[in-house]
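Structure data follow from protein_20.cif (mmCIF, C-alpha atoms):
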data_upload
loop_
_atom_site.label_atom_id
_atom_site.label_comp_id
_atom_site.auth_asym_id
_atom_site.auth_seq_id
_atom_site.Cartn_x
_atom_site.Cartn_y
_atom_site.Cartn_z
CA MET A 282 60.35 89.85 16.90
CA ARG A 283 60.31 92.34 19.74
CA ILE A 284 59.99 91.57 23.43
CA GLY A 285 56.22 92.09 23.61
CA GLU A 286 55.54 89.66 20.77
CA LEU A 287 57.89 87.06 22.24
CA ALA A 288 56.23 87.38 25.65
CA GLU A 289 52.79 86.96 24.12
CA ARG A 290 53.79 83.94 22.03
CA ALA A 291 55.56 82.33 24.98
CA GLY A 292 52.64 83.00 27.33
CA THR A 293 54.69 85.06 29.77
CA THR A 294 55.44 88.70 30.55
CA THR A 295 58.07 91.11 29.32
CA ARG A 296 59.22 91.45 32.93
CA THR A 297 59.91 87.71 33.05
CA LEU A 298 61.85 87.90 29.80
CA ARG A 299 63.98 90.75 31.14
CA TYR A 300 64.64 88.70 34.26
CA TYR A 301 65.71 85.69 32.18
CA GLU A 302 67.97 88.01 30.23
CA SER A 303 69.54 89.33 33.44
CA ARG A 304 70.16 85.72 34.54
CA GLY A 305 71.87 84.93 31.24
CA LEU A 306 69.21 82.48 30.09
CA LEU A 307 67.88 84.60 27.25
CA PRO A 308 70.21 86.37 24.80
CA ALA A 309 70.31 90.15 24.91
CA ARG A 310 70.42 91.10 21.24
CA ARG A 311 69.53 94.64 20.28
CA ALA A 312 68.57 96.18 16.97
CA VAL A 313 70.19 99.43 15.83
CA ASN A 314 67.22 101.31 17.30
CA GLY A 315 67.98 99.80 20.74
CA TYR A 316 64.99 97.46 20.87
CA ARG A 317 65.52 93.88 22.00
CA THR A 318 65.13 91.41 19.15
CA TYR A 319 64.31 87.72 19.31
CA ASP A 320 63.78 84.84 16.90
CA GLU A 321 62.11 81.42 16.80
CA ASP A 322 65.07 79.83 18.59
CA ASP A 323 64.45 82.15 21.54
CA LEU A 324 60.80 81.12 21.58
CA ARG A 325 61.81 77.45 21.63
CA LEU A 326 64.25 78.19 24.46
CA LEU A 327 61.48 79.86 26.48
CA GLN A 328 59.14 76.95 25.86
CA GLN A 329 61.82 74.60 27.20
CA ILE A 330 62.28 76.71 30.34
CA ARG A 331 58.53 76.90 30.97
CA THR A 332 58.03 73.16 30.43
CA LEU A 333 60.80 72.36 32.89
CA GLN A 334 59.38 74.81 35.42
CA ASP A 335 55.96 73.18 35.02
CA PHE A 336 57.69 69.90 35.96
CA GLY A 337 59.02 71.53 39.15
CA PHE A 338 62.51 72.51 38.02
CA ASP A 339 63.75 75.79 39.45
CA LEU A 340 65.09 78.41 37.09
CA GLU A 341 68.75 77.58 37.68
CA GLU A 342 68.07 73.91 36.96
CA THR A 343 66.95 74.91 33.47
CA ARG A 344 70.36 76.39 32.60
CA PRO A 345 71.95 73.13 31.30
CA PHE A 346 68.95 72.59 29.02
CA VAL A 347 69.21 76.14 27.68
CA GLU A 348 72.93 75.68 27.04
CA CYS A 349 72.22 72.35 25.33
CA LEU A 350 69.68 74.02 23.03
CA ARG A 351 72.17 76.76 22.24
CA ALA A 352 74.74 74.07 21.39
CA GLY A 353 72.39 72.84 18.68
CA HIS A 354 70.66 69.88 20.30
CA PRO A 355 67.02 70.12 19.19
CA ALA A 356 65.41 68.88 22.42
CA GLY A 357 67.88 70.54 24.77
CA ASP A 358 68.23 67.51 26.96
CA ALA A 359 70.79 65.30 25.22
CA CYS A 360 73.83 66.92 26.84
CA PRO A 361 75.57 65.37 29.87
CA ALA A 362 74.68 68.31 32.15
CA SER A 363 70.98 68.07 31.20
CA LEU A 364 70.98 64.34 31.84
CA ALA A 365 72.56 64.92 35.25
CA VAL A 366 69.81 67.40 36.16
CA TYR A 367 67.16 64.88 35.08
CA ARG A 368 68.78 62.19 37.27
CA ARG A 369 69.03 64.53 40.28
CA LYS A 370 65.39 65.63 39.85
CA LEU A 371 64.21 62.00 39.65
CA GLY A 372 66.04 61.29 42.90
CA GLU A 373 64.32 64.25 44.56
CA LEU A 374 60.93 63.12 43.25
CA ASP A 375 61.48 59.55 44.46
CA SER A 376 62.33 60.89 47.91
CA LEU A 377 59.21 63.08 47.97
CA ILE A 378 57.04 60.18 46.85
CA GLU A 379 58.41 58.03 49.67
CA GLN A 380 57.75 60.80 52.19
CA LEU A 381 54.18 61.15 50.91
CA ARG A 382 53.64 57.39 51.13
CA SER A 383 54.79 57.47 54.75
CA VAL A 384 52.49 60.37 55.62
CA ARG A 385 49.61 58.66 53.81
CA ALA A 386 50.15 55.48 55.82
CA GLN A 387 50.16 57.49 59.07
CA VAL A 388 46.97 59.36 58.14
CA GLY A 389 45.33 56.08 57.11
CA ALA A 390 46.24 54.52 60.48
CA GLU A 391 44.86 57.51 62.35
CA LEU A 392 41.64 57.36 60.34
CA ALA A 393 41.23 53.64 61.04
CA ARG A 394 41.85 54.21 64.77
CA ALA A 395 39.39 57.12 64.89
CA GLU A 396 36.69 55.18 63.01
CA LEU A 397 37.09 52.23 65.37
CA GLU A 398 36.91 54.52 68.39
CA ALA A 399 33.82 56.25 67.02
CA ALA A 400 32.10 52.91 66.36
CA VAL A 401 32.77 51.72 69.92
CA GLU A 402 31.59 54.95 71.58
CA LEU A 403 28.36 55.51 69.63
CA PRO A 404 26.22 52.54 70.76
CA GLY A 405 24.58 53.42 74.05
CA GLY A 406 26.39 56.62 74.92
CA PRO A 407 26.14 60.26 73.98
CA GLU A 408 27.99 61.43 70.93
CA PRO A 409 31.28 63.02 71.82
CA ARG A 410 31.27 66.79 71.46
CA CYS A 411 33.80 67.90 68.97
CA GLU A 412 34.28 71.61 68.80
CA LEU A 413 36.26 73.24 66.08
CA GLY A 414 37.44 76.72 66.97
CA GLY A 415 34.52 78.89 66.14
#

If you convert what's in this file into structure tokens, what do you get?
Amino acid sequence: MRIGELAERAGTTTRTLRYYESRGLLPARRAVNGYRTYDEDDLRLLQQIRTLQDFGFDLEETRPFVECLRAGHPAGDACPASLAVYRRKLGELDSLIEQLRSVRAQVGAELARAELEAAVELPGGPEPRCELGG
């Protein structure tokens, strides 16, 4: 298939495919007429890249998976380098989750404090004037 058909089937643009090619992630095969040619394996490779990017992997992190697919592993993630990227990404996600839990706890404490303060101030006194820039 040609680049336009591959882009359409993969749900991306020809510009993206050319970029992947320049980064060495997509093979640069050319027909005798000079047109880029692709096959079903290239489509599967692109689907792997897009899935990983949907999970938050950056483009360079997809490289071991692409190489694993090219080596003949059907899922692209059974190679040692792919497994290492999975482990590293899980560590990053665990760290982010812990950071979010900490921020959530702080926001929850501030909300509880503000609600308590509001409950104490309302009976018998004027409502505090809160002005938001505007």

Worksheet item: So which residues are close to (64.8, 79.4, 23.3), meaning at most 9 Å away in the file's coordinates with only C-alpha atoms counted, and can you show them as a PyMOL selection string?
Response: chain A and resi 306-308+320-330+347+350-351

Worksheet entry | Explicit residue set for the PyMOL selection byres ((chain A and resi 288) around 12), as a list in words |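 With the PyMOL selection byres ((chain A and resi 288) around 12) on this model, the match is Met282, Arg283, Ile284, Gly285, Glu286, Leu287, Glu289, Arg290, Ala291, Gly292, Thr293, Thr294, Thr295, Arg296, Thr297, Leu298, Arg299, Tyr301, Arg317, Thr318, Tyr319, Asp320, Asp323, Leu324, Leu327, Gln328 and Arg331 of chain A.
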
Using the selection just defined, write its residues with C-alpha atoms as a PDB file, keeping the file's coordinate frame.
ATOM      1  CA  MET A 282      60.350  89.850  16.900  1.00  0.00           C
ATOM      2  CA  ARG A 283      60.310  92.340  19.740  1.00  0.00           C
ATOM      3  CA  ILE A 284      59.990  91.570  23.430  1.00  0.00           C
ATOM      4  CA  GLY A 285      56.220  92.090  23.610  1.00  0.00           C
ATOM      5  CA  GLU A 286      55.540  89.660  20.770  1.00  0.00           C
ATOM      6  CA  LEU A 287      57.890  87.060  22.240  1.00  0.00           C
ATOM      7  CA  GLU A 289      52.790  86.960  24.120  1.00  0.00           C
ATOM      8  CA  ARG A 290      53.790  83.940  22.030  1.00  0.00           C
ATOM      9  CA  ALA A 291      55.560  82.330  24.980  1.00  0.00           C
ATOM     10  CA  GLY A 292      52.640  83.000  27.330  1.00  0.00           C
ATOM     11  CA  THR A 293      54.690  85.060  29.770  1.00  0.00           C
ATOM     12  CA  THR A 294      55.440  88.700  30.550  1.00  0.00           C
ATOM     13  CA  THR A 295      58.070  91.110  29.320  1.00  0.00           C
ATOM     14  CA  ARG A 296      59.220  91.450  32.930  1.00  0.00           C
ATOM     15  CA  THR A 297      59.910  87.710  33.050  1.00  0.00           C
ATOM     16  CA  LEU A 298      61.850  87.900  29.800  1.00  0.00           C
ATOM     17  CA  ARG A 299      63.980  90.750  31.140  1.00  0.00           C
ATOM     18  CA  TYR A 301      65.710  85.690  32.180  1.00  0.00           C
ATOM     19  CA  ARG A 317      65.520  93.880  22.000  1.00  0.00           C
ATOM     20  CA  THR A 318      65.130  91.410  19.150  1.00  0.00           C
ATOM     21  CA  TYR A 319      64.310  87.720  19.310  1.00  0.00           C
ATOM     22  CA  ASP A 320      63.780  84.840  16.900  1.00  0.00           C
ATOM     23  CA  ASP A 323      64.450  82.150  21.540  1.00  0.00           C
ATOM     24  CA  LEU A 324      60.800  81.120  21.580  1.00  0.00           C
ATOM     25  CA  LEU A 327      61.480  79.860  26.480  1.00  0.00           C
ATOM     26  CA  GLN A 328      59.140  76.950  25.860  1.00  0.00           C
ATOM     27  CA  ARG A 331      58.530  76.900  30.970  1.00  0.00           C
TER      28      ARG A 331
END

Worksheet item: In Å, how far is it from atom CA of A:Pro345 to atom CA of A:Gly305?
Response: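 Atom-to-atom, atom CA of A:Pro345 and atom CA of A:Gly305 are spaced 11.8 Å apart.
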
Item to complete: Can you work out which one of A:Phe338, A:Thr332, A:Arg311, A:Arg304 has the shortest atom-to-atom distance to A:Arg369, counting only C-alpha atoms?
Response: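 Of all the options, A:Phe338 lies closest to A:Arg369.
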
Item to complete: Please provide as a ChimeraX atom specification all residues within 12 Å of A:Leu364, with the sequence filter that same-chain residues fewer than 4 positions apart are discarded (counting all atoms listed in the file).
Response: /A:342-343,345-346,349,356-360,368-371

Worksheet item: How many Å lie between atom CA of A:Val366 and atom CA of A:Gly337, rounded to one decimal?
Response: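 Computed distance, atom CA of A:Val366 to atom CA of A:Gly337, equals 11.9 Å.
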
Worksheet item: What is the distance between atom CA of A:Ile378 and atom CA of A:Pro361, in Å to one decimal?
Response: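 Answer for the atom CA of A:Ile378 to atom CA of A:Pro361 separation: 25.7 Å.
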
Could you rebuild stretch 339-365 of chain A with N, CA and C atoms and give me the result as a PDB file, keeping the file's coordinate frame?
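Once written, out_25.pdb looks like this:
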ATOM      1  N   ASP A 339      63.582  74.359  39.196  1.00  0.00           N
ATOM      2  CA  ASP A 339      63.750  75.790  39.450  1.00  0.00           C
ATOM      3  C   ASP A 339      64.505  76.411  38.284  1.00  0.00           C
ATOM      4  N   LEU A 340      64.536  77.718  38.250  1.00  0.00           N
ATOM      5  CA  LEU A 340      65.090  78.410  37.090  1.00  0.00           C
ATOM      6  C   LEU A 340      66.544  78.021  36.842  1.00  0.00           C
ATOM      7  N   GLU A 341      67.338  77.918  37.875  1.00  0.00           N
ATOM      8  CA  GLU A 341      68.750  77.580  37.680  1.00  0.00           C
ATOM      9  C   GLU A 341      68.921  76.168  37.137  1.00  0.00           C
ATOM     10  N   GLU A 342      67.998  75.272  37.487  1.00  0.00           N
ATOM     11  CA  GLU A 342      68.070  73.910  36.960  1.00  0.00           C
ATOM     12  C   GLU A 342      67.811  73.853  35.460  1.00  0.00           C
ATOM     13  N   THR A 343      67.219  74.894  34.906  1.00  0.00           N
ATOM     14  CA  THR A 343      66.950  74.910  33.470  1.00  0.00           C
ATOM     15  C   THR A 343      68.184  75.300  32.658  1.00  0.00           C
ATOM     16  N   ARG A 344      69.182  75.878  33.314  1.00  0.00           N
ATOM     17  CA  ARG A 344      70.360  76.390  32.600  1.00  0.00           C
ATOM     18  C   ARG A 344      71.039  75.346  31.709  1.00  0.00           C
ATOM     19  N   PRO A 345      71.310  74.107  32.196  1.00  0.00           N
ATOM     20  CA  PRO A 345      71.950  73.130  31.300  1.00  0.00           C
ATOM     21  C   PRO A 345      71.127  72.819  30.056  1.00  0.00           C
ATOM     22  N   PHE A 346      69.815  72.852  30.169  1.00  0.00           N
ATOM     23  CA  PHE A 346      68.950  72.590  29.020  1.00  0.00           C
ATOM     24  C   PHE A 346      69.037  73.740  28.015  1.00  0.00           C
ATOM     25  N   VAL A 347      69.063  74.965  28.540  1.00  0.00           N
ATOM     26  CA  VAL A 347      69.210  76.140  27.680  1.00  0.00           C
ATOM     27  C   VAL A 347      70.540  76.084  26.939  1.00  0.00           C
ATOM     28  N   GLU A 348      71.604  75.758  27.664  1.00  0.00           N
ATOM     29  CA  GLU A 348      72.930  75.680  27.040  1.00  0.00           C
ATOM     30  C   GLU A 348      72.970  74.556  26.000  1.00  0.00           C
ATOM     31  N   CYS A 349      72.278  73.467  26.271  1.00  0.00           N
ATOM     32  CA  CYS A 349      72.220  72.350  25.330  1.00  0.00           C
ATOM     33  C   CYS A 349      71.480  72.765  24.055  1.00  0.00           C
ATOM     34  N   LEU A 350      70.389  73.497  24.204  1.00  0.00           N
ATOM     35  CA  LEU A 350      69.680  74.020  23.030  1.00  0.00           C
ATOM     36  C   LEU A 350      70.580  74.936  22.223  1.00  0.00           C
ATOM     37  N   ARG A 351      71.269  75.820  22.925  1.00  0.00           N
ATOM     38  CA  ARG A 351      72.170  76.760  22.240  1.00  0.00           C
ATOM     39  C   ARG A 351      73.292  76.035  21.510  1.00  0.00           C
ATOM     40  N   ALA A 352      73.673  74.851  22.018  1.00  0.00           N
ATOM     41  CA  ALA A 352      74.740  74.070  21.390  1.00  0.00           C
ATOM     42  C   ALA A 352      74.239  73.329  20.149  1.00  0.00           C
ATOM     43  N   GLY A 353      72.927  73.429  19.889  1.00  0.00           N
ATOM     44  CA  GLY A 353      72.390  72.840  18.680  1.00  0.00           C
ATOM     45  C   GLY A 353      71.642  71.539  18.853  1.00  0.00           C
ATOM     46  N   HIS A 354      71.436  71.107  20.072  1.00  0.00           N
ATOM     47  CA  HIS A 354      70.660  69.880  20.300  1.00  0.00           C
ATOM     48  C   HIS A 354      69.173  70.249  20.300  1.00  0.00           C
ATOM     49  N   PRO A 355      68.401  69.676  19.394  1.00  0.00           N
ATOM     50  CA  PRO A 355      67.020  70.120  19.190  1.00  0.00           C
ATOM     51  C   PRO A 355      66.114  70.015  20.416  1.00  0.00           C
ATOM     52  N   ALA A 356      66.286  69.024  21.250  1.00  0.00           N
ATOM     53  CA  ALA A 356      65.410  68.880  22.420  1.00  0.00           C
ATOM     54  C   ALA A 356      65.990  69.547  23.658  1.00  0.00           C
ATOM     55  N   GLY A 357      67.273  69.856  23.641  1.00  0.00           N
ATOM     56  CA  GLY A 357      67.880  70.540  24.770  1.00  0.00           C
ATOM     57  C   GLY A 357      68.172  69.660  25.966  1.00  0.00           C
ATOM     58  N   ASP A 358      68.001  68.362  25.801  1.00  0.00           N
ATOM     59  CA  ASP A 358      68.230  67.510  26.960  1.00  0.00           C
ATOM     60  C   ASP A 358      69.160  66.329  26.676  1.00  0.00           C
ATOM     61  N   ALA A 359      69.896  66.399  25.586  1.00  0.00           N
ATOM     62  CA  ALA A 359      70.790  65.300  25.220  1.00  0.00           C
ATOM     63  C   ALA A 359      72.216  65.511  25.714  1.00  0.00           C
ATOM     64  N   CYS A 360      72.488  66.621  26.349  1.00  0.00           N
ATOM     65  CA  CYS A 360      73.830  66.920  26.840  1.00  0.00           C
ATOM     66  C   CYS A 360      74.045  66.307  28.225  1.00  0.00           C
ATOM     67  N   PRO A 361      75.290  65.987  28.567  1.00  0.00           N
ATOM     68  CA  PRO A 361      75.570  65.370  29.870  1.00  0.00           C
ATOM     69  C   PRO A 361      75.040  66.171  31.066  1.00  0.00           C
ATOM     70  N   ALA A 362      75.156  67.495  31.028  1.00  0.00           N
ATOM     71  CA  ALA A 362      74.680  68.310  32.150  1.00  0.00           C
ATOM     72  C   ALA A 362      73.151  68.233  32.293  1.00  0.00           C
ATOM     73  N   SER A 363      72.448  68.198  31.164  1.00  0.00           N
ATOM     74  CA  SER A 363      70.980  68.070  31.200  1.00  0.00           C
ATOM     75  C   SER A 363      70.588  66.712  31.770  1.00  0.00           C
ATOM     76  N   LEU A 364      71.266  65.683  31.332  1.00  0.00           N
ATOM     77  CA  LEU A 364      70.980  64.340  31.840  1.00  0.00           C
ATOM     78  C   LEU A 364      71.221  64.262  33.346  1.00  0.00           C
ATOM     79  N   ALA A 365      72.273  64.921  33.815  1.00  0.00           N
ATOM     80  CA  ALA A 365      72.560  64.920  35.250  1.00  0.00           C
ATOM     81  C   ALA A 365      71.451  65.618  36.039  1.00  0.00           C
TER      82      ALA A 365
END
